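Structure file data-v5.cif (mmCIF, C-alpha atoms) follows.
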```
data_structure
loop_
_atom_site.label_atom_id
_atom_site.label_comp_id
_atom_site.auth_asym_id
_atom_site.auth_seq_id
_atom_site.Cartn_x
_atom_site.Cartn_y
_atom_site.Cartn_z
CA MET G 5 79.81 -54.13 49.84
CA LYS G 6 83.46 -55.17 49.57
CA ALA G 7 84.82 -58.37 51.11
CA GLU G 8 86.99 -56.30 53.46
CA GLU G 9 83.83 -54.82 55.03
CA PHE G 10 82.52 -58.25 56.02
CA ALA G 11 85.95 -59.40 57.20
CA GLY G 12 86.29 -56.34 59.42
CA ARG G 13 82.91 -57.05 61.01
CA ARG G 14 83.88 -60.64 61.74
CA GLU G 15 87.15 -59.53 63.30
CA GLN G 16 85.36 -57.01 65.51
CA LEU G 17 82.84 -59.58 66.69
CA MET G 18 85.52 -62.20 67.35
CA ARG G 19 87.43 -59.78 69.56
CA MET G 20 84.31 -59.56 71.74
CA VAL G 21 83.65 -63.30 71.65
CA GLY G 22 87.17 -64.09 72.80
CA ALA G 23 89.43 -67.11 72.44
CA ASP G 24 87.25 -69.42 74.52
CA GLY G 25 84.05 -68.66 72.63
CA ILE G 26 82.29 -69.74 69.47
CA ALA G 27 79.62 -67.83 67.54
CA ILE G 28 77.07 -69.73 65.48
CA LEU G 29 74.66 -68.16 62.97
CA PRO G 30 72.20 -70.10 60.81
CA SER G 31 70.87 -68.72 57.55
CA ALA G 32 67.22 -67.80 57.13
CA PRO G 33 65.03 -70.71 56.03
CA VAL G 34 63.17 -70.77 52.73
CA ARG G 35 59.56 -69.71 53.35
CA THR G 36 56.51 -71.16 51.59
CA ARG G 37 54.03 -68.62 50.28
CA SER G 38 51.33 -71.11 49.33
CA ARG G 39 51.37 -74.76 48.43
CA ASP G 40 54.61 -75.28 46.45
CA VAL G 41 55.31 -71.60 45.76
CA GLU G 42 58.06 -69.99 47.82
CA TYR G 43 58.64 -66.38 48.76
CA ARG G 44 61.62 -64.71 47.14
CA TYR G 45 64.52 -65.67 49.37
CA ARG G 46 65.99 -63.01 51.61
CA GLN G 47 68.94 -63.86 53.83
CA ASP G 48 68.89 -63.30 57.58
CA SER G 49 70.25 -59.82 58.26
CA ASP G 50 72.70 -60.86 60.99
CA PHE G 51 74.02 -63.71 58.85
CA PHE G 52 74.48 -61.50 55.80
CA TYR G 53 76.02 -58.70 57.88
CA LEU G 54 78.92 -60.98 58.78
CA THR G 55 79.26 -63.07 55.62
CA GLY G 56 77.78 -61.40 52.54
CA PHE G 57 76.54 -64.92 51.72
CA ALA G 58 72.97 -64.95 50.41
CA GLU G 59 72.25 -68.67 50.05
CA PRO G 60 69.86 -70.68 52.24
CA GLU G 61 70.79 -73.90 54.05
CA SER G 62 74.01 -72.47 55.40
CA VAL G 63 75.59 -71.93 58.80
CA ALA G 64 78.37 -69.48 59.68
CA VAL G 65 80.70 -70.29 62.57
CA LEU G 66 83.30 -67.98 64.09
CA VAL G 67 85.94 -69.66 66.25
CA PRO G 68 88.51 -67.09 67.44
CA GLY G 69 92.00 -68.52 67.51
CA ARG G 70 91.18 -71.76 65.68
CA PRO G 71 94.42 -72.95 64.05
CA GLY G 72 92.64 -74.21 60.95
CA GLY G 73 90.88 -70.88 60.34
CA GLU G 74 88.49 -68.76 62.38
CA PHE G 75 85.66 -68.34 59.85
CA VAL G 76 83.96 -71.62 58.97
CA LEU G 77 81.03 -71.79 56.57
CA PHE G 78 78.71 -74.74 56.00
CA CYS G 79 76.78 -74.50 52.74
CA ARG G 80 75.14 -76.49 49.97
CA GLU G 81 77.35 -78.43 47.61
CA ARG G 82 77.39 -77.69 43.91
CA ASP G 83 74.72 -79.71 42.13
CA GLN G 84 74.34 -79.34 38.38
CA GLU G 85 70.78 -80.63 38.24
CA LYS G 86 69.48 -78.52 41.14
CA GLU G 87 71.30 -75.44 39.91
CA LEU G 88 69.53 -75.87 36.56
CA TRP G 89 66.23 -75.36 38.39
CA ASP G 90 67.13 -72.93 41.19
CA GLY G 91 70.26 -71.09 40.10
CA GLY G 92 73.93 -71.25 40.89
CA ARG G 93 75.55 -72.17 44.17
CA ALA G 94 78.91 -71.17 45.56
CA GLY G 95 79.66 -74.55 47.07
CA PRO G 96 82.37 -74.99 49.72
CA ALA G 97 85.10 -74.00 47.26
CA GLY G 98 83.28 -70.77 46.36
CA ALA G 99 82.64 -70.05 50.02
CA VAL G 100 86.41 -69.91 50.48
CA SER G 101 87.45 -68.23 47.24
CA THR G 102 84.61 -65.71 46.92
CA PHE G 103 83.28 -65.14 50.43
CA GLY G 104 86.46 -65.31 52.48
CA ALA G 105 85.76 -68.41 54.55
CA ASP G 106 88.89 -69.94 56.05
CA ASP G 107 87.29 -73.35 55.88
CA ALA G 108 84.06 -74.58 54.30
CA PHE G 109 82.14 -77.84 54.43
CA PRO G 110 78.97 -79.28 52.90
CA ILE G 111 75.93 -78.49 55.04
CA ASP G 112 75.12 -82.22 55.20
CA ASP G 113 78.34 -82.77 57.19
CA ILE G 114 77.48 -80.30 59.93
CA ASP G 115 76.46 -82.97 62.47
CA ASP G 116 79.88 -84.57 62.15
CA ILE G 117 81.97 -81.40 62.25
CA LEU G 118 80.28 -78.62 64.25
CA PRO G 119 80.11 -80.50 67.61
CA GLY G 120 83.89 -80.90 67.38
CA LEU G 121 84.28 -77.15 66.97
CA ILE G 122 81.99 -76.52 69.90
CA GLU G 123 83.55 -78.96 72.39
CA SER G 124 86.75 -77.00 72.98
CA CYS G 125 84.89 -73.79 73.80
CA THR G 126 83.52 -72.62 77.13
CA ARG G 127 80.98 -70.15 75.73
CA VAL G 128 78.52 -70.47 72.86
CA TYR G 129 77.30 -67.20 71.36
CA TYR G 130 73.98 -67.81 69.67
CA THR G 131 70.65 -66.04 69.17
CA MET G 132 67.94 -68.24 70.63
CA GLY G 133 64.33 -68.02 69.48
CA MET G 134 64.82 -66.93 65.87
CA TYR G 135 64.76 -70.36 64.25
CA SER G 136 63.25 -73.03 66.47
CA ASP G 137 64.44 -75.98 64.37
CA PHE G 138 68.05 -74.85 64.65
CA ASP G 139 67.59 -74.12 68.37
CA SER G 140 66.77 -77.80 68.80
CA ARG G 141 69.85 -78.89 66.89
CA ILE G 142 72.10 -76.68 69.01
CA ALA G 143 70.59 -78.21 72.15
CA GLU G 144 71.09 -81.74 70.79
CA TRP G 145 74.76 -81.09 69.99
CA ILE G 146 75.44 -79.62 73.42
CA ASN G 147 73.59 -82.38 75.24
CA ALA G 148 75.43 -85.05 73.25
CA LEU G 149 78.79 -83.48 74.11
CA ARG G 150 77.93 -83.29 77.79
CA ALA G 151 76.80 -86.90 77.81
CA SER G 152 79.92 -88.15 76.08
CA ALA G 153 82.28 -90.01 78.38
CA SER G 154 85.16 -89.84 75.94
CA ARG G 155 85.41 -86.11 75.45
CA SER G 156 88.97 -84.87 75.61
CA ALA G 157 88.22 -81.24 76.42
CA HIS G 158 85.78 -79.22 78.45
CA THR G 159 82.40 -78.59 76.88
CA PRO G 160 80.53 -75.28 76.85
CA HIS G 161 78.96 -74.32 80.14
CA GLU G 162 77.63 -70.89 79.15
CA PHE G 163 75.26 -69.63 76.47
CA VAL G 164 75.56 -65.94 75.58
CA ALA G 165 73.04 -63.97 73.53
CA LEU G 166 74.85 -63.22 70.29
CA ASP G 167 72.30 -60.62 69.26
CA HIS G 168 73.28 -58.42 72.21
CA LEU G 169 76.76 -57.94 70.73
CA LEU G 170 75.89 -58.09 67.07
CA HIS G 171 72.96 -55.70 67.18
CA ASP G 172 75.00 -53.07 68.97
CA MET G 173 77.56 -53.36 66.17
CA ARG G 174 74.87 -52.97 63.52
CA LEU G 175 73.58 -49.80 65.17
CA TYR G 176 76.72 -47.89 64.10
CA LYS G 177 76.87 -47.59 60.32
CA SER G 178 80.16 -47.59 58.41
CA ARG G 179 80.90 -45.37 55.41
CA ALA G 180 80.00 -48.21 53.08
CA GLU G 181 76.69 -48.77 54.85
CA ILE G 182 75.84 -45.07 54.82
CA SER G 183 76.61 -44.95 51.11
CA ALA G 184 74.25 -47.89 50.49
CA MET G 185 71.51 -46.26 52.55
CA ARG G 186 71.97 -42.97 50.74
CA ARG G 187 71.51 -44.75 47.41
CA ALA G 188 68.40 -46.54 48.70
CA ALA G 189 66.97 -43.22 49.87
CA LYS G 190 67.69 -41.61 46.50
CA ILE G 191 65.85 -44.36 44.63
CA ALA G 192 62.90 -44.12 47.00
CA GLY G 193 62.86 -40.34 46.58
CA LYS G 194 62.75 -40.70 42.80
CA ALA G 195 59.82 -43.11 43.17
CA HIS G 196 57.94 -40.58 45.31
CA GLU G 197 58.58 -37.90 42.68
CA ARG G 198 57.35 -40.28 39.99
CA ALA G 199 54.14 -40.84 41.96
CA MET G 200 53.59 -37.11 42.42
CA GLY G 201 53.57 -36.77 38.66
CA VAL G 202 50.69 -39.21 38.09
CA ILE G 203 48.36 -38.71 41.05
CA ARG G 204 44.91 -37.44 40.11
CA PRO G 205 41.27 -38.02 41.12
CA GLY G 206 39.88 -41.30 39.82
CA LEU G 207 43.15 -43.20 40.04
CA PHE G 208 43.26 -46.24 42.29
CA GLU G 209 45.72 -46.53 45.15
CA TYR G 210 47.24 -49.67 43.65
CA GLU G 211 48.06 -47.76 40.46
CA VAL G 212 50.19 -45.40 42.53
CA GLU G 213 51.79 -48.37 44.30
CA ALA G 214 52.69 -49.76 40.87
CA GLU G 215 54.74 -46.62 40.14
CA PHE G 216 56.87 -47.33 43.19
CA ARG G 217 57.43 -50.97 42.37
CA HIS G 218 58.37 -50.03 38.81
CA GLU G 219 60.90 -47.42 39.93
CA PHE G 220 62.40 -49.75 42.53
CA ARG G 221 62.89 -52.68 40.19
CA ARG G 222 64.29 -50.57 37.36
CA ASN G 223 67.03 -49.63 39.84
CA ASN G 224 67.59 -53.22 41.03
CA ALA G 225 65.92 -52.51 44.36
CA TRP G 226 62.99 -54.20 46.09
CA VAL G 227 60.31 -52.87 48.39
CA SER G 228 61.67 -52.86 51.94
CA TYR G 229 58.13 -53.26 53.31
CA SER G 230 54.60 -53.36 51.90
CA PRO G 231 53.90 -49.85 50.60
CA ILE G 232 51.19 -47.85 52.34
CA VAL G 233 49.14 -45.89 49.81
CA GLY G 234 46.10 -44.55 51.63
CA ALA G 235 43.70 -41.90 50.34
CA GLY G 236 40.94 -40.12 52.26
CA ARG G 237 39.95 -42.03 55.38
CA ASN G 238 42.63 -44.63 54.62
CA SER G 239 45.28 -42.00 55.36
CA CYS G 240 44.24 -42.28 59.01
CA THR G 241 45.00 -46.02 59.20
CA LEU G 242 48.63 -46.33 60.21
CA HIS G 243 49.40 -49.69 58.61
CA TYR G 244 46.94 -49.60 55.73
CA VAL G 245 48.23 -51.89 52.95
CA GLU G 246 45.15 -52.95 50.95
CA ASN G 247 45.77 -50.08 48.51
CA ASN G 248 42.61 -50.85 46.56
CA CYS G 249 40.43 -47.73 46.85
CA GLN G 250 39.78 -45.07 44.23
CA MET G 251 41.10 -41.60 45.02
CA GLN G 252 38.62 -38.77 45.11
CA ASP G 253 38.95 -35.04 44.49
CA GLY G 254 39.67 -33.40 47.85
CA ASP G 255 41.38 -36.46 49.36
CA LEU G 256 44.78 -36.46 50.92
CA LEU G 257 47.00 -39.36 49.84
CA LEU G 258 49.51 -40.66 52.39
CA ILE G 259 52.31 -42.70 50.81
CA ASP G 260 54.76 -44.56 53.05
CA ALA G 261 57.12 -46.45 50.73
CA GLY G 262 60.80 -47.31 50.75
CA CYS G 263 63.12 -49.72 49.03
CA GLU G 264 65.89 -52.13 49.89
CA LEU G 265 69.12 -51.97 47.91
CA ASP G 266 72.02 -54.32 48.64
CA TYR G 267 70.33 -55.32 51.90
CA TYR G 268 69.94 -51.71 53.15
CA ALA G 269 66.57 -50.04 53.55
CA SER G 270 65.04 -46.64 53.00
CA ASP G 271 61.75 -45.53 54.56
CA ILE G 272 60.08 -42.34 53.33
CA THR G 273 56.59 -40.89 53.73
CA ARG G 274 54.95 -38.00 51.96
CA THR G 275 51.34 -36.78 52.11
CA LEU G 276 49.89 -35.27 48.96
CA PRO G 277 46.68 -33.56 47.83
CA VAL G 278 44.98 -35.74 45.20
CA SER G 279 43.63 -32.63 43.46
CA GLY G 280 47.07 -31.04 43.37
CA ARG G 281 46.31 -28.37 45.98
CA PHE G 282 45.81 -28.57 49.73
CA SER G 283 42.58 -27.29 51.23
CA PRO G 284 43.06 -24.68 53.99
CA GLU G 285 42.40 -27.30 56.69
CA GLN G 286 44.69 -29.86 55.08
CA LYS G 287 47.45 -27.30 54.74
CA ALA G 288 47.04 -26.17 58.35
CA VAL G 289 47.44 -29.74 59.63
CA TYR G 290 50.25 -30.44 57.17
CA GLU G 291 52.27 -27.42 58.30
CA ILE G 292 51.99 -28.49 61.94
CA VAL G 293 53.41 -31.91 61.06
CA LEU G 294 56.17 -30.37 58.96
CA ASP G 295 57.15 -27.99 61.77
CA ALA G 296 57.18 -30.96 64.17
CA GLN G 297 59.42 -32.92 61.84
CA LEU G 298 61.86 -30.05 61.40
CA ALA G 299 62.01 -29.56 65.18
CA ALA G 300 62.68 -33.27 65.66
CA ILE G 301 65.38 -33.37 62.97
CA GLU G 302 67.11 -30.42 64.64
CA LEU G 303 67.49 -32.52 67.80
CA THR G 304 68.63 -35.65 65.96
CA ARG G 305 72.24 -34.91 66.76
CA ALA G 306 75.09 -36.43 68.73
CA GLY G 307 74.79 -35.93 72.48
CA ARG G 308 71.00 -35.72 72.51
CA HIS G 309 69.12 -38.70 73.84
CA TRP G 310 66.82 -40.87 71.77
CA ASN G 311 63.56 -39.41 73.06
CA GLU G 312 64.39 -35.72 72.63
CA PRO G 313 63.32 -35.54 68.95
CA HIS G 314 60.02 -37.21 69.90
CA ASP G 315 59.48 -34.77 72.76
CA ALA G 316 60.07 -31.86 70.39
CA ALA G 317 57.56 -33.24 67.89
CA VAL G 318 54.96 -33.81 70.60
CA GLN G 319 55.36 -30.22 71.80
CA VAL G 320 54.83 -28.76 68.31
CA ILE G 321 51.92 -31.05 67.47
CA THR G 322 50.12 -30.46 70.76
CA LYS G 323 50.41 -26.69 70.37
CA GLY G 324 49.16 -26.96 66.81
CA LEU G 325 46.18 -29.14 67.67
CA LYS G 326 45.22 -26.69 70.40
CA LYS G 327 45.47 -23.78 67.98
CA LEU G 328 43.17 -25.61 65.56
CA GLY G 329 40.65 -26.13 68.35
CA LEU G 330 40.99 -29.91 68.31
CA LEU G 331 42.40 -29.97 71.84
CA GLU G 332 41.55 -27.77 74.81
CA GLY G 333 43.60 -26.99 77.91
CA SER G 334 47.18 -26.08 78.69
CA VAL G 335 49.84 -27.60 76.45
CA GLU G 336 51.68 -29.00 79.47
CA ARG G 337 48.57 -30.75 80.75
CA LEU G 338 47.61 -32.04 77.33
CA ILE G 339 51.08 -33.58 77.01
CA SER G 340 51.23 -34.99 80.54
CA ASP G 341 47.76 -36.52 80.16
CA GLY G 342 48.58 -37.90 76.72
CA ALA G 343 45.58 -36.14 75.17
CA TYR G 344 47.55 -35.55 71.96
CA GLN G 345 47.79 -39.31 71.44
CA ARG G 346 44.27 -39.38 70.04
CA PHE G 347 45.71 -37.72 66.95
CA PHE G 348 49.43 -38.65 67.20
CA MET G 349 49.65 -42.17 68.59
CA HIS G 350 53.06 -43.45 67.46
CA ARG G 351 56.70 -42.69 68.11
CA THR G 352 58.54 -40.13 66.00
CA GLY G 353 61.09 -42.59 64.64
CA HIS G 354 62.89 -45.91 64.72
CA TRP G 355 66.35 -47.22 63.90
CA LEU G 356 66.95 -47.87 60.21
CA GLY G 357 69.50 -50.10 58.50
CA MET G 358 69.45 -53.62 57.11
CA ASP G 359 65.98 -53.93 58.56
CA VAL G 360 63.34 -51.22 58.25
CA HIS G 361 62.77 -51.38 61.99
CA ASP G 362 66.43 -51.98 62.61
CA VAL G 363 68.11 -53.55 65.61
CA GLY G 364 69.58 -51.67 68.55
CA ASP G 365 68.44 -50.78 72.05
CA TYR G 366 66.62 -47.50 72.60
CA LYS G 367 67.50 -47.51 76.27
CA VAL G 368 70.72 -48.39 78.10
CA ALA G 369 70.53 -49.14 81.81
CA ASP G 370 66.92 -47.94 81.73
CA GLN G 371 67.97 -44.53 80.39
CA TRP G 372 67.28 -43.20 76.91
CA ARG G 373 70.27 -43.92 74.71
CA LEU G 374 72.44 -41.00 73.65
CA LEU G 375 72.59 -40.44 69.92
CA GLU G 376 76.04 -40.98 68.42
CA PRO G 377 77.60 -40.49 64.98
CA GLY G 378 76.83 -43.37 62.64
CA MET G 379 73.34 -44.07 63.92
CA VAL G 380 70.49 -43.77 61.41
CA THR G 381 66.89 -43.15 62.38
CA THR G 382 63.66 -42.19 60.72
CA VAL G 383 61.94 -38.95 61.76
CA GLU G 384 58.22 -39.30 61.09
CA PRO G 385 55.67 -37.34 63.13
CA GLY G 386 52.05 -37.43 62.06
CA ILE G 387 48.50 -36.27 62.76
CA TYR G 388 45.52 -38.51 61.99
CA ILE G 389 42.01 -37.07 62.28
CA ALA G 390 39.44 -39.75 61.57
CA ALA G 391 35.82 -38.75 61.06
CA SER G 392 34.16 -38.30 64.45
CA SER G 393 31.10 -36.50 65.79
CA ASP G 394 33.20 -34.34 68.11
CA VAL G 395 35.56 -33.14 65.37
CA PRO G 396 34.49 -30.42 62.87
CA SER G 397 33.68 -32.06 59.55
CA ARG G 398 36.17 -29.89 57.67
CA PHE G 399 38.97 -31.83 59.43
CA HIS G 400 37.52 -35.29 58.81
CA ASN G 401 39.83 -37.90 57.27
CA ILE G 402 42.92 -35.76 57.25
CA GLY G 403 45.89 -38.04 57.82
CA VAL G 404 49.35 -36.52 57.47
CA ARG G 405 52.74 -38.11 58.04
CA ILE G 406 56.10 -36.80 56.83
CA GLU G 407 59.09 -39.11 57.13
CA ASP G 408 62.76 -38.85 56.24
CA ASP G 409 65.84 -40.98 56.92
CA VAL G 410 68.36 -39.17 59.11
CA LEU G 411 72.00 -39.93 59.87
CA VAL G 412 73.48 -38.70 63.13
CA THR G 413 76.86 -37.04 62.54
CA SER G 414 79.29 -35.10 64.70
CA ASN G 415 78.02 -31.94 62.97
CA GLY G 416 74.29 -32.49 63.33
CA ALA G 417 71.65 -34.29 61.30
CA ASP G 418 72.32 -35.46 57.74
CA VAL G 419 69.00 -36.14 56.00
CA LEU G 420 69.73 -39.04 53.64
CA SER G 421 66.43 -38.49 51.83
CA LYS G 422 66.94 -34.76 51.33
CA GLY G 423 65.97 -33.30 48.00
CA LEU G 424 62.47 -34.77 47.96
CA ALA G 425 59.86 -32.02 48.16
CA LYS G 426 57.97 -31.69 51.43
CA ALA G 427 57.09 -28.00 51.80
CA PRO G 428 53.43 -27.69 50.74
CA GLU G 429 54.14 -25.11 48.04
CA ASP G 430 56.90 -27.31 46.60
CA ILE G 431 54.59 -30.32 46.51
CA GLU G 432 51.87 -28.34 44.78
CA ALA G 433 54.35 -26.99 42.23
CA LEU G 434 55.72 -30.45 41.52
CA MET G 435 52.26 -31.96 41.12
CA SER G 436 51.17 -29.24 38.71
CA SER G 437 54.23 -29.47 36.50
#
```
Could you show the structure in this file as structure tokens?
Amino acid sequence: MKAEEFAGRREQLMRMVGADGIAILPSAPVRTRSRDVEYRYRQDSDFFYLTGFAEPESVAVLVPGRPGGEFVLFCRERDQEKELWDGGRAGPAGAVSTFGADDAFPIDDIDDILPGLIESCTRVYYTMGMYSDFDSRIAEWINALRASASRSAHTPHEFVALDHLLHDMRLYKSRAEISAMRRAAKIAGKAHERAMGVIRPGLFEYEVEAEFRHEFRRNNAWVSYSPIVGAGRNSCTLHYVENNCQMQDGDLLLIDAGCELDYYASDITRTLPVSGRFSPEQKAVYEIVLDAQLAAIELTRAGRHWNEPHDAAVQVITKGLKKLGLLEGSVERLISDGAYQRFFMHRTGHWLGMDVHDVGDYKVADQWRLLEPGMVTTVEPGIYIAASSDVPSRFHNIGVRIEDDVLVTSNGADVLSKGLAKAPEDIEALMSS
């Protein structure tokens, strides 16, 4: 992502903040995995969206109209000994020269400098509740300013939720963002194809997961969430992540796996026959889900509201379940009563972007949001038939989900993950090759 992209975002946000406001964003903290071992650091999405700065212990401040520079960054100082252990740091000088800060200071000086930036503003834009330790520091600075008898200017009297503005911005993807997401989807698609080439009875789920992790890392990407690799009855567990069972002949294998590249995520699901061919019952269920997905994608277009693709998927799935004899009654009644939810219990999609379940409201003024160009969503209907005494045994443990990443454009849906096989005959051909 070029520096101009981040600068443009800051300018857009500052226009909304206004000359009397200040926006403050802390970086994500370092997280401990166990004892003295830390998780791989991943910057806060909002912070990175505005700065492109990936270091911890930093704070970004936007002060529209500030004579000394509107973008101020607090960060760690250069330290030769610490950098020997943990890697390089930009330092305040690098924050200016490389990351476009107008002014930069050591993070240890924030208590001396930031309250002075705050005191001339009437509104503080900040996201409360994300990082409790920093929430407390913000409160301390504000309370100290209000208690000061020597202040020369008015102090803030209004807190505004920064995430309300910022998350609406993030909902609309730029060309650069769409390009990054398209690349992430392509890598994930290649990983799914790689998995299709190795799946066979007797393999363990974690061996399939390893194929994904290998393909992601060889392309400088990381998993964007814990991969779901569930065979047989595990395919009916929505968030199954143990991935430790052995696959059996006749199982379906549901794989929900995506990657993150340059802070942008992909999220793709395919359901595959472990033996290489679908049974008649598996294929019947699979084709219902595929038809539901295609119907939902058709309605993922500008001017439609958020829930219309889900409604279309529900309609197709309910009709299909009735045709299979798994539901009885009129389709309208089965939908109104929610009877289909026994087998299709989740939504058909979610926003996608820097986060897998990306930010953005689904409703505006209590009405479903209209889809607009630049929005990206997943489309992922499913049917999950766990073993049960009131379900014919031939349908037991058939879990099917098909998921693609879809960009809303002025000309309809653009499937970012297109090219990855999902028609049953294409899957069978690919797995037998």
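As for CA of Val34 (chain G) and CA of Leu54 (chain G), they are spaced 19.5 Å apart.
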> Can you tell me, as a ChimeraX atom specification, what residues are no more than 10 Å from region 367-371 of chain G when counting only C-alpha atoms, ignoring any on the same chain fewer than 4 positions away?
Replying inline: /G:309-311
Take the residues that were just selected and, keeping C-alpha atoms, output them as a PDB file, in the coordinates of the input.
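Final file, selection21.pdb:
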```pdb
ATOM      1  CA  HIS G 309      69.120 -38.700  73.840  1.00  0.00           C
ATOM      2  CA  TRP G 310      66.820 -40.870  71.770  1.00  0.00           C
ATOM      3  CA  ASN G 311      63.560 -39.410  73.060  1.00  0.00           C
TER       4      ASN G 311
END
```
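Residues lying within 7 Å of region 340-351 of chain G, counting all atoms listed in the file and ignoring same-chain neighbours fewer than 2 positions away, are His314, Thr322, Glu336, Arg337, Leu338, Gly353, Gly386, Ile387, Tyr388 and Ile389 of chain G.
For the structure in this document, the set picked by the PyMOL selection byres ((chain G and resi 193) around 8) is G:Ala189, G:Lys190, G:Ile191, G:Ala192, G:Lys194, G:Ala195, G:His196, G:Glu197, G:Ile272, G:Ser421, G:Gly423, G:Leu424.
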Using 12 Å as the limit and counting all atoms listed in the file, can you tabulate each residue of region 260-306 of chain G that touches region 180-186 of chain G, with its shortest atom-to-atom distance in Å and the two atoms involved, as a Markdown table?
```
| residue | atom | partner | partner_atom | distance |
| --- | --- | --- | --- | --- |
| G:Gly262 | CA | G:Met185 | CA | 10.9 |
| G:Cys263 | CA | G:Met185 | CA | 9.7 |
| G:Glu264 | CA | G:Met185 | CA | 8.6 |
| G:Leu265 | CA | G:Ala184 | CA | 7.0 |
| G:Asp266 | CA | G:Ala184 | CA | 7.1 |
| G:Tyr267 | CA | G:Ala184 | CA | 8.5 |
| G:Tyr268 | CA | G:Met185 | CA | 5.7 |
| G:Ala269 | CA | G:Met185 | CA | 6.3 |
| G:Ser270 | CA | G:Met185 | CA | 6.5 |
| G:Asp271 | CA | G:Met185 | CA | 10.0 |
```
Point (73.3, -36.1, 58.9), cut-off 12 Å, counting all atoms listed in the file, residues as a PDB file with C-alpha atoms, keeping the file's coordinate frame:
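File selection-v3.pdb, as written:
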```pdb
ATOM      1  CA  ILE G 182      75.840 -45.070  54.820  1.00  0.00           C
ATOM      2  CA  ARG G 186      71.970 -42.970  50.740  1.00  0.00           C
ATOM      3  CA  ILE G 301      65.380 -33.370  62.970  1.00  0.00           C
ATOM      4  CA  GLU G 302      67.110 -30.420  64.640  1.00  0.00           C
ATOM      5  CA  LEU G 303      67.490 -32.520  67.800  1.00  0.00           C
ATOM      6  CA  THR G 304      68.630 -35.650  65.960  1.00  0.00           C
ATOM      7  CA  ARG G 305      72.240 -34.910  66.760  1.00  0.00           C
ATOM      8  CA  ALA G 306      75.090 -36.430  68.730  1.00  0.00           C
ATOM      9  CA  LEU G 375      72.590 -40.440  69.920  1.00  0.00           C
ATOM     10  CA  GLU G 376      76.040 -40.980  68.420  1.00  0.00           C
ATOM     11  CA  PRO G 377      77.600 -40.490  64.980  1.00  0.00           C
ATOM     12  CA  GLY G 378      76.830 -43.370  62.640  1.00  0.00           C
ATOM     13  CA  MET G 379      73.340 -44.070  63.920  1.00  0.00           C
ATOM     14  CA  VAL G 380      70.490 -43.770  61.410  1.00  0.00           C
ATOM     15  CA  THR G 381      66.890 -43.150  62.380  1.00  0.00           C
ATOM     16  CA  THR G 382      63.660 -42.190  60.720  1.00  0.00           C
ATOM     17  CA  ASP G 408      62.760 -38.850  56.240  1.00  0.00           C
ATOM     18  CA  ASP G 409      65.840 -40.980  56.920  1.00  0.00           C
ATOM     19  CA  VAL G 410      68.360 -39.170  59.110  1.00  0.00           C
ATOM     20  CA  LEU G 411      72.000 -39.930  59.870  1.00  0.00           C
ATOM     21  CA  VAL G 412      73.480 -38.700  63.130  1.00  0.00           C
ATOM     22  CA  THR G 413      76.860 -37.040  62.540  1.00  0.00           C
ATOM     23  CA  SER G 414      79.290 -35.100  64.700  1.00  0.00           C
ATOM     24  CA  ASN G 415      78.020 -31.940  62.970  1.00  0.00           C
ATOM     25  CA  GLY G 416      74.290 -32.490  63.330  1.00  0.00           C
ATOM     26  CA  ALA G 417      71.650 -34.290  61.300  1.00  0.00           C
ATOM     27  CA  ASP G 418      72.320 -35.460  57.740  1.00  0.00           C
ATOM     28  CA  VAL G 419      69.000 -36.140  56.000  1.00  0.00           C
ATOM     29  CA  LEU G 420      69.730 -39.040  53.640  1.00  0.00           C
ATOM     30  CA  SER G 421      66.430 -38.490  51.830  1.00  0.00           C
ATOM     31  CA  LYS G 422      66.940 -34.760  51.330  1.00  0.00           C
TER      32      LYS G 422
END
```
